[in-house]
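Participant: Take a look at the following structure, please.
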Amino acid sequence: MDKTFVPADYIPILVQFAVAFGFVLITMTLTHIIGGKRKKIHTIRKEENFECGIEVKGNARFPFSVQYFLIAILFVLFDVEIIFFYPWAINFKSTGWNGFFEMLLFLGFLMFGFYYIIQKGAFKWD
């Protein structure tokens with residue numbers, strides 16, 4: 001069946017948007033009106049960083065190796081790519097040989113990318 005949509009079909013979405021926007025607007029307005037006004041007092045003690053009650057020692061801005069970020073990004077990248085194996089494994093029988101060869105192609109691209117980052121030395125720690 002070919003169903004055409006009319007603008008009246010979008011009324012529930014517009015109502016939900018209006019309710020959500022109204023809730024945010026009312027909540028922000030009431031908290032501004034009801035909430036008390038405080039005078040801001042800036043002291044050295046108040047401007048210090050609070051680290052769970054532990055005294056601050058030294059500077060927190062020490063050099064940080066980019067290698068940590070690279071490993072994290074590569075983990076997320078390959079982890080997300082591996083997630084694509086799940087739907088294929090669930091529908092393995094229904095995809096047939098065509099799906100099998102497509103997954104082999106995908107696995108080939110994945111392994112090529114993995115080989116490439118190994119050759120670039122992404123996992124070598126100096």
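Following the order of the structure tokens, chains are lettered A, B, ..., residues in each are numbered from 1, and ligands are numbered from 1.
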Could you pull out the residues in chain A that DSSP calls alpha helix (DSSP H) from the backbone, as a CSV table (one decimal) with C-alpha atoms, in the first residue's frame?
Facilitator:
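The result, written out as result.csv:
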```csv
chain,number,residue,atom,x,y,z
A,11,ILE,CA,0.7,17.1,14.7
A,12,PRO,CA,1.7,14.6,17.4
A,13,ILE,CA,5.4,15.3,16.7
A,14,LEU,CA,4.7,19.0,16.9
A,15,VAL,CA,2.7,18.6,20.2
A,16,GLN,CA,5.5,16.6,21.7
A,17,PHE,CA,8.1,19.2,20.7
A,18,ALA,CA,5.9,22.0,22.1
A,19,VAL,CA,5.5,20.1,25.4
A,20,ALA,CA,9.3,19.4,25.7
A,21,PHE,CA,10.2,23.0,24.8
A,22,GLY,CA,7.5,24.4,27.2
A,23,PHE,CA,8.8,22.2,30.0
A,24,VAL,CA,12.3,23.5,29.5
A,25,LEU,CA,11.2,27.1,29.3
A,26,ILE,CA,9.0,26.8,32.4
A,27,THR,CA,11.6,25.0,34.4
A,28,MET,CA,14.3,27.6,33.6
A,29,THR,CA,12.0,30.5,34.2
A,30,LEU,CA,10.8,29.2,37.6
A,31,THR,CA,14.3,28.4,38.8
A,32,HIS,CA,15.4,31.9,37.9
A,33,ILE,CA,12.5,33.5,39.7
A,34,ILE,CA,12.3,31.2,42.8
A,44,ILE,CA,41.9,32.6,46.5
A,45,ARG,CA,40.6,29.6,48.3
A,46,LYS,CA,37.4,29.6,46.3
A,47,GLU,CA,39.3,29.9,43.0
A,66,VAL,CA,49.8,11.5,22.1
A,67,GLN,CA,50.3,7.7,21.9
A,68,TYR,CA,47.6,7.3,24.5
A,69,PHE,CA,45.1,9.1,22.4
A,70,LEU,CA,46.2,7.3,19.3
A,71,ILE,CA,45.6,3.9,20.9
A,72,ALA,CA,42.2,5.0,22.2
A,73,ILE,CA,41.1,6.2,18.8
A,74,LEU,CA,42.3,3.1,17.1
A,75,PHE,CA,40.5,0.9,19.7
A,76,VAL,CA,37.3,2.7,19.1
A,77,LEU,CA,37.7,2.6,15.3
A,78,PHE,CA,38.3,-1.1,15.2
A,79,ASP,CA,35.8,-1.9,17.9
A,80,VAL,CA,33.1,-0.1,15.9
A,81,GLU,CA,34.1,-2.0,12.8
A,82,ILE,CA,34.0,-5.3,14.6
A,83,ILE,CA,30.4,-4.6,15.6
A,85,PHE,CA,30.2,-8.7,12.3
A,86,TYR,CA,27.3,-9.3,14.7
A,87,PRO,CA,24.4,-8.7,12.2
A,88,TRP,CA,26.3,-10.8,9.6
A,89,ALA,CA,26.7,-13.7,12.1
A,90,ILE,CA,23.0,-13.5,13.0
A,92,PHE,CA,24.7,-16.0,8.1
A,93,LYS,CA,22.5,-18.6,6.6
A,94,SER,CA,20.1,-16.2,4.9
A,95,THR,CA,22.9,-14.1,3.2
A,96,GLY,CA,24.3,-17.1,1.3
A,97,TRP,CA,27.6,-17.1,-0.6
A,98,ASN,CA,27.1,-13.5,-1.6
A,99,GLY,CA,27.0,-12.3,2.0
A,100,PHE,CA,30.0,-14.5,2.8
A,101,PHE,CA,32.1,-12.9,0.0
A,102,GLU,CA,31.0,-9.5,1.0
A,103,MET,CA,32.1,-10.2,4.6
A,104,LEU,CA,35.4,-11.5,3.3
A,105,LEU,CA,35.9,-8.3,1.4
A,106,PHE,CA,35.0,-6.3,4.6
A,107,LEU,CA,37.4,-8.4,6.6
A,108,GLY,CA,40.1,-7.8,3.9
A,109,PHE,CA,39.7,-4.0,4.2
A,110,LEU,CA,39.8,-4.3,8.0
A,111,MET,CA,43.0,-6.4,8.0
A,112,PHE,CA,44.6,-4.1,5.5
A,113,GLY,CA,43.9,-1.1,7.8
A,114,PHE,CA,45.2,-3.0,10.7
A,115,TYR,CA,48.4,-4.0,8.8
A,116,TYR,CA,48.8,-0.3,7.7
A,117,ILE,CA,48.7,1.1,11.2
A,118,ILE,CA,51.2,-1.6,12.3
A,119,GLN,CA,53.5,-0.7,9.5
```
